[in-house]
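> For reference, this is model-v3.cif, and it has mmCIF, C-alpha atoms and all ligand atoms.
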data_protein
loop_
_atom_site.label_atom_id
_atom_site.label_comp_id
_atom_site.auth_asym_id
_atom_site.auth_seq_id
_atom_site.Cartn_x
_atom_site.Cartn_y
_atom_site.Cartn_z
CA MET A 1277 102.49 116.48 83.79
CA THR A 1278 100.74 115.08 86.81
CA SER A 1279 99.77 116.78 90.06
CA PRO A 1280 101.57 115.71 93.22
CA THR A 1281 98.82 113.54 94.63
CA GLU A 1282 101.48 111.69 96.63
CA MET A 1283 105.03 112.35 97.73
CA THR A 1284 106.88 111.68 94.51
CA ASP A 1285 110.58 112.55 94.32
CA ASP A 1286 109.72 115.90 92.70
CA ALA A 1287 107.03 116.64 95.28
CA TYR A 1288 109.51 115.72 98.04
CA ARG A 1289 112.06 118.20 96.65
CA VAL A 1290 109.52 121.04 96.43
CA LEU A 1291 108.16 120.27 99.91
CA VAL A 1292 111.65 120.14 101.46
CA ASN A 1293 112.52 123.55 100.01
CA TYR A 1294 109.17 124.95 101.10
CA ILE A 1295 109.52 123.70 104.68
CA ARG A 1296 113.04 125.13 104.87
CA ASP A 1297 111.75 128.52 103.69
CA ILE A 1298 108.78 128.56 106.08
CA ALA A 1299 110.86 127.27 109.00
CA ASP A 1300 113.34 130.12 108.46
CA LYS A 1301 110.45 132.59 108.50
CA VAL A 1302 108.88 131.25 111.73
CA GLY A 1303 111.99 131.28 113.90
CA LEU A 1304 113.33 127.78 113.21
CA LYS A 1305 116.42 128.74 111.21
CA ASP A 1306 118.69 126.47 113.26
CA TRP A 1307 116.40 123.45 112.97
CA GLN A 1308 116.93 120.40 110.80
CA PHE A 1309 114.02 118.56 109.22
CA PHE A 1310 113.71 115.05 107.87
CA LEU A 1311 110.74 114.18 105.73
CA GLU A 1312 109.04 110.79 105.70
CA ARG A 1313 106.09 109.64 103.68
CA VAL A 1314 103.19 107.75 105.19
CA GLU A 1315 102.14 105.29 102.50
CA ALA A 1316 99.02 103.76 104.01
CA ASP A 1317 96.05 106.06 104.51
CA GLN A 1318 95.48 105.87 108.25
CA GLY A 1319 93.96 109.33 108.32
CA VAL A 1320 97.32 110.91 109.19
CA ILE A 1321 97.53 114.28 107.47
CA ALA A 1322 100.88 115.22 108.94
CA SER A 1323 102.77 114.79 112.17
CA VAL A 1324 106.06 115.78 113.73
CA GLU A 1325 108.42 114.23 116.21
CA VAL A 1326 111.27 116.20 117.74
CA TRP A 1327 114.36 114.16 118.50
CA GLY A 1328 114.72 114.47 122.28
CA ASP A 1329 116.15 117.83 123.30
CA SER A 1330 117.62 118.53 119.89
CA THR A 1331 116.60 120.95 117.17
CA THR A 1332 116.08 118.08 114.75
CA CYS A 1333 112.76 116.52 113.90
CA THR A 1334 111.03 114.16 111.54
CA LEU A 1335 107.93 115.27 109.67
CA TRP A 1336 105.44 112.80 108.20
CA PHE A 1337 102.98 113.60 105.46
CA GLY A 1338 100.15 111.17 104.81
CA PRO A 1339 97.85 110.69 101.81
CA PRO A 1340 95.20 113.24 102.99
CA PHE A 1341 97.81 116.03 102.80
CA TRP A 1342 98.03 115.59 99.02
CA LYS A 1343 94.28 116.01 98.63
CA TYR A 1344 94.40 119.45 100.26
CA GLY A 1345 94.46 122.73 98.38
CA PRO A 1346 97.47 125.05 98.70
CA ARG A 1347 96.11 127.05 101.66
CA MET A 1348 95.36 123.98 103.74
CA GLN A 1349 98.75 122.50 102.85
CA ARG A 1350 100.35 125.75 104.02
CA GLU A 1351 98.41 125.73 107.29
CA THR A 1352 99.30 122.07 107.84
CA VAL A 1353 103.02 122.75 107.38
CA VAL A 1354 102.86 125.77 109.71
CA HIS A 1355 100.91 123.73 112.28
CA GLU A 1356 103.62 121.07 112.39
CA LEU A 1357 106.32 123.72 112.68
CA VAL A 1358 104.54 125.43 115.59
CA HIS A 1359 104.84 122.08 117.40
CA CYS A 1360 108.62 122.55 117.27
CA HIS A 1361 108.17 125.66 119.40
CA THR A 1362 105.81 124.02 121.90
CA HIS A 1363 107.19 120.51 122.34
CA LYS A 1364 109.49 121.29 125.29
CA LEU A 1365 106.70 123.06 127.18
CA VAL A 1366 104.31 120.15 126.64
CA ARG A 1367 106.92 117.60 127.66
CA LEU A 1368 107.64 119.56 130.85
CA VAL A 1369 103.94 119.70 131.72
CA LYS A 1370 103.54 115.95 131.08
CA THR A 1371 106.58 115.06 133.19
CA THR A 1372 105.40 117.34 135.99
CA MET A 1373 101.89 115.89 135.85
CA THR A 1374 103.23 112.34 136.10
CA ASN A 1375 105.66 113.21 138.93
CA GLU A 1376 103.16 115.20 140.97
CA LEU A 1377 99.91 113.37 140.29
CA GLY A 1378 101.01 109.83 139.50
CA ASN A 1379 100.49 107.84 136.35
CA GLN A 1380 96.74 107.36 136.59
CA ALA A 1381 95.79 111.01 137.14
CA ALA A 1382 98.38 112.18 134.64
CA HIS A 1383 96.98 109.75 132.06
CA ALA A 1384 93.47 111.08 132.69
CA MET A 1385 94.61 114.68 132.24
CA ASN A 1386 96.69 113.90 129.19
CA PHE A 1387 93.70 113.85 126.86
CA SER A 1388 92.62 117.35 127.89
CA LEU A 1389 96.17 118.61 127.70
CA GLU A 1390 96.55 117.24 124.16
CA GLN A 1391 93.25 118.79 123.10
CA MET A 1392 94.13 122.21 124.50
CA HIS A 1393 97.61 121.99 123.05
CA GLU A 1394 96.27 121.19 119.57
CA MET A 1395 93.76 124.06 119.81
CA ALA A 1396 96.53 126.50 120.72
CA VAL A 1397 98.80 125.24 117.93
CA ASP A 1398 95.90 125.47 115.46
CA GLY A 1399 95.09 129.02 116.51
CA ILE A 1400 98.67 130.16 116.10
CA ALA A 1401 99.14 128.26 112.83
CA ALA A 1402 95.92 129.60 111.26
CA SER A 1403 96.82 133.23 111.91
CA TRP A 1404 100.51 132.79 111.11
CA ALA A 1405 99.85 130.90 107.85
CA ARG A 1406 97.94 133.81 106.31
CA MET A 1407 101.13 135.86 106.36
CA LEU A 1408 103.22 133.17 104.66
CA PRO A 1409 103.42 132.01 101.03
CA CYS A 1410 101.68 128.89 99.75
CA ILE A 1411 103.68 126.01 98.33
CA ASP A 1412 104.64 126.75 94.74
CA TRP A 1413 103.94 123.49 92.93
CA SER A 1414 104.30 125.13 89.53
CA ASP A 1415 107.32 122.93 88.76
CA LEU A 1416 105.00 119.95 88.89
CA SER A 1417 101.89 121.56 87.59
CA PRO A 1418 99.14 121.84 86.20
CA LEU A 1419 98.05 121.22 89.81
CA TYR A 1420 96.50 124.63 90.22
CA THR A 1421 94.47 124.68 87.06
CA GLU A 1422 93.22 121.16 87.76
CA TYR A 1423 92.50 121.96 91.36
CA GLU A 1424 90.76 125.20 90.55
CA ALA A 1425 88.63 123.43 87.99
CA GLN A 1426 87.64 120.83 90.60
CA THR A 1427 86.79 123.38 93.28
CA GLY A 1428 85.19 125.95 91.03
CA GLY A 1429 88.03 128.38 91.77
CA GLN A 1430 87.39 128.47 95.51
CA GLU A 1431 91.03 127.85 96.24
CA THR A 1432 92.75 130.60 94.33
CA PRO A 1433 96.52 130.87 94.45
CA LEU A 1434 97.60 133.90 96.42
CA ARG A 1435 100.61 134.63 94.28
CA ARG A 1436 100.49 135.35 90.61
CA ASP A 1437 103.52 133.17 89.94
CA ASN A 1438 101.57 130.17 91.24
CA VAL A 1439 99.13 130.41 88.35
CA VAL A 1440 99.83 128.02 85.54
CA ILE A 1441 98.67 129.00 82.10
CA ASP A 1442 98.49 126.17 79.59
ZN ZN B 1 99.20 119.15 116.03
#
Just dump the structure as structure tokens.


Amino acid sequence: MTSPTEMTDDAYRVLVNYIRDIADKVGLKDWQFFLERVEADQGVIASVEVWGDSTTCTLWFGPPFWKYGPRMQRETVVHELVHCHTHKLVRLVKTTMTNELGNQAAHAMNFSLEQMHEMAVDGIAASWARMLPCIDWSDLSPLYTEYEAQTGGQETPLRRDNVVID
């Protein structure tokens, strides 16, 4: 058995189920998610795009995501889901900035807005993630045993049922 070092069909299935479970737990029960893989490594860990005013979005997971341990994968998923809660607010601020300040000033402020937005999303995601389960890759394993061996056990699964015993 190989570890999911990329979004294989099995990894896709586990990730879809995991995102559904986490989304339900963080207040996104009525949302629909589409998963896409980013093949080329352009440094994209994950990203999300909400479809207009809807409660549907596309999530992308890039190669760096698959190099993360379970806790960072969990925080990454939660981070992208927090964006679902903030996207309307950010869009309103951007529209208002452009309308009130004009394109040039709005463009100049956009960088700061994005930075502050990401910091807020990160802060919420980091604290929220600790209360949520990690992805259970045990179907695909021995990811955990291999990963633990690589990291000297620094990333220990939080749940006993995540531990794979050969
Ligand atoms: Zn973000």

> Please, which residues in chain A fall within 9 Å of ligand ZN 1 (chain B) when counting only C-alpha atoms and all ligand atoms, and what is the closest atom pair and distance in Å to one decimal for each, ordered by chain then residue number, as a Markdown table?


| residue | atom | partner | partner_atom | distance |
| --- | --- | --- | --- | --- |
| A:Ala1322 | CA | B:ZN1 | ZN | 8.3 |
| A:Ser1323 | CA | B:ZN1 | ZN | 6.8 |
| A:Val1324 | CA | B:ZN1 | ZN | 8.0 |
| A:Thr1352 | CA | B:ZN1 | ZN | 8.7 |
| A:His1355 | CA | B:ZN1 | ZN | 6.2 |
| A:Glu1356 | CA | B:ZN1 | ZN | 6.0 |
| A:Val1358 | CA | B:ZN1 | ZN | 8.3 |
| A:His1359 | CA | B:ZN1 | ZN | 6.5 |
| A:Glu1390 | CA | B:ZN1 | ZN | 8.8 |
| A:His1393 | CA | B:ZN1 | ZN | 7.7 |
| A:Glu1394 | CA | B:ZN1 | ZN | 5.0 |
| A:Met1395 | CA | B:ZN1 | ZN | 8.2 |
| A:Val1397 | CA | B:ZN1 | ZN | 6.4 |
| A:Asp1398 | CA | B:ZN1 | ZN | 7.2 |

> Using all atoms listed in the file, which protein or nucleic acid residues come within 9 Å of Asp1306 in chain A? Drop anything in the same chain fewer than 6 positions from it, and give the result as a list in words.

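Contacts, with the query itself left out: Ala1299, Asp1300, Thr1331 and Thr1332 of chain A.
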
> CA of Leu1311 in chain A and CA of Val1292 in chain A are how many Å apart?

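So the two atoms, CA of Leu1311 in chain A and CA of Val1292 in chain A, lie 7.4 Å apart.
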
> Enter the distance from CA of Asp1329 in chain A to CA of Lys1370 in chain A, in Å, rounded to one decimal.

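Straight-line distance from CA of Asp1329 in chain A to CA of Lys1370 in chain A works out to 14.9 Å.
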
> Rank A:Pro1409, A:Ala1401, A:Val1366, A:Glu1282 by their smallest atom-to-atom distance to Ala1316 in chain A, using all atoms listed in the file, and report the top residue only.

A:Glu1282

> Between CA of Pro1339 in chain A and CA of Ile1321 in chain A, what distance in Å does the model show, to one decimal?

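Answer for the CA of Pro1339 in chain A to CA of Ile1321 in chain A separation: 6.7 Å.
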
> For Ala1402 in chain A, which residue out of A:Asp1286, A:Glu1351, A:Asp1297, A:Glu1312 is the nearest one, using only C-alpha atoms?

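The closest residue to Ala1402 in chain A is A:Glu1351.
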
> Neighbouring residues of Arg1347 in chain A were defined as those with any atom within 8 Å, considering only C-alpha atoms; residues of the same chain fewer than 3 positions away were excluded. Please report them as a list in words.

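That gives Tyr1344, Arg1350, Glu1351, Cys1410 and Glu1431 of chain A.
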
> Please determine, counting only C-alpha atoms, which residue among A:Lys1301, A:Arg1406, A:His1361, A:Arg1313 has the shortest atom-to-atom distance to Met1283 in chain A.

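Selected residue with least distance to Met1283 in chain A: A:Arg1313.
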
> Take every atom of range 1307-1321 of chain A listed in the file, fit an axis-aligned box around them, add 4 Å per side, and give the centre and edge lengths in Å to one decimal as AutoDock Vina command-line options.


--center_x 105.4 --center_y 113.6 --center_z 107.7 --size_x 31.0 --size_y 27.7 --size_z 18.5

> Pick out the closest residue to Leu1335 in chain A from this set: A:Met1373, A:Leu1365, A:Leu1291, A:Met1392. Count all atoms listed in the file.

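Ranked by minimum distance to Leu1335 in chain A, first place goes to A:Leu1291.
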
> For a cut-off of 10 Å around (96.0, 116.4, 96.9), file coordinates, pick out all residues using all atoms listed in the file and list them as a list in words.

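Output of the proximity query reads Ser1279, Pro1280, Thr1281, Glu1282, Met1283, Pro1339, Pro1340, Phe1341, Trp1342, Lys1343, Tyr1344, Gly1345, Pro1346, Gln1349, Leu1419 and Tyr1423 of chain A.
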
> Could you please fill out range 1369-1383 of chain A with N, CA and C atoms and send it back as a PDB file, in the frame of the given file?


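Once everything was written out, this is selection-v4.pdb:
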ATOM      1  N   VAL A1369     105.235 119.819 131.035  1.00  0.00           N
ATOM      2  CA  VAL A1369     103.940 119.700 131.720  1.00  0.00           C
ATOM      3  C   VAL A1369     103.601 118.221 131.947  1.00  0.00           C
ATOM      4  N   LYS A1370     103.844 117.381 130.943  1.00  0.00           N
ATOM      5  CA  LYS A1370     103.540 115.950 131.080  1.00  0.00           C
ATOM      6  C   LYS A1370     104.394 115.296 132.154  1.00  0.00           C
ATOM      7  N   THR A1371     105.678 115.625 132.170  1.00  0.00           N
ATOM      8  CA  THR A1371     106.580 115.060 133.190  1.00  0.00           C
ATOM      9  C   THR A1371     106.144 115.516 134.574  1.00  0.00           C
ATOM     10  N   THR A1372     105.823 116.796 134.699  1.00  0.00           N
ATOM     11  CA  THR A1372     105.400 117.340 135.990  1.00  0.00           C
ATOM     12  C   THR A1372     104.091 116.694 136.444  1.00  0.00           C
ATOM     13  N   MET A1373     103.161 116.529 135.525  1.00  0.00           N
ATOM     14  CA  MET A1373     101.890 115.890 135.850  1.00  0.00           C
ATOM     15  C   MET A1373     102.114 114.481 136.388  1.00  0.00           C
ATOM     16  N   THR A1374     102.966 113.722 135.689  1.00  0.00           N
ATOM     17  CA  THR A1374     103.230 112.340 136.100  1.00  0.00           C
ATOM     18  C   THR A1374     103.922 112.311 137.461  1.00  0.00           C
ATOM     19  N   ASN A1375     104.915 113.188 137.659  1.00  0.00           N
ATOM     20  CA  ASN A1375     105.660 113.210 138.930  1.00  0.00           C
ATOM     21  C   ASN A1375     104.795 113.648 140.103  1.00  0.00           C
ATOM     22  N   GLU A1376     103.939 114.620 139.870  1.00  0.00           N
ATOM     23  CA  GLU A1376     103.160 115.200 140.970  1.00  0.00           C
ATOM     24  C   GLU A1376     101.845 114.464 141.217  1.00  0.00           C
ATOM     25  N   LEU A1377     101.250 113.945 140.157  1.00  0.00           N
ATOM     26  CA  LEU A1377      99.910 113.370 140.290  1.00  0.00           C
ATOM     27  C   LEU A1377      99.898 111.847 140.214  1.00  0.00           C
ATOM     28  N   GLY A1378     100.986 111.283 139.717  1.00  0.00           N
ATOM     29  CA  GLY A1378     101.010 109.830 139.500  1.00  0.00           C
ATOM     30  C   GLY A1378     100.496 109.489 138.118  1.00  0.00           C
ATOM     31  N   ASN A1379     100.800 108.275 137.714  1.00  0.00           N
ATOM     32  CA  ASN A1379     100.490 107.840 136.350  1.00  0.00           C
ATOM     33  C   ASN A1379      99.010 107.923 135.994  1.00  0.00           C
ATOM     34  N   GLN A1380      98.165 107.452 136.915  1.00  0.00           N
ATOM     35  CA  GLN A1380      96.740 107.360 136.590  1.00  0.00           C
ATOM     36  C   GLN A1380      96.108 108.735 136.361  1.00  0.00           C
ATOM     37  N   ALA A1381      96.350 109.658 137.283  1.00  0.00           N
ATOM     38  CA  ALA A1381      95.790 111.010 137.140  1.00  0.00           C
ATOM     39  C   ALA A1381      96.399 111.728 135.946  1.00  0.00           C
ATOM     40  N   ALA A1382      97.703 111.533 135.769  1.00  0.00           N
ATOM     41  CA  ALA A1382      98.380 112.180 134.640  1.00  0.00           C
ATOM     42  C   ALA A1382      97.807 111.659 133.326  1.00  0.00           C
ATOM     43  N   HIS A1383      97.551 110.355 133.272  1.00  0.00           N
ATOM     44  CA  HIS A1383      96.980 109.750 132.060  1.00  0.00           C
ATOM     45  C   HIS A1383      95.604 110.336 131.776  1.00  0.00           C
TER      46      HIS A1383
END
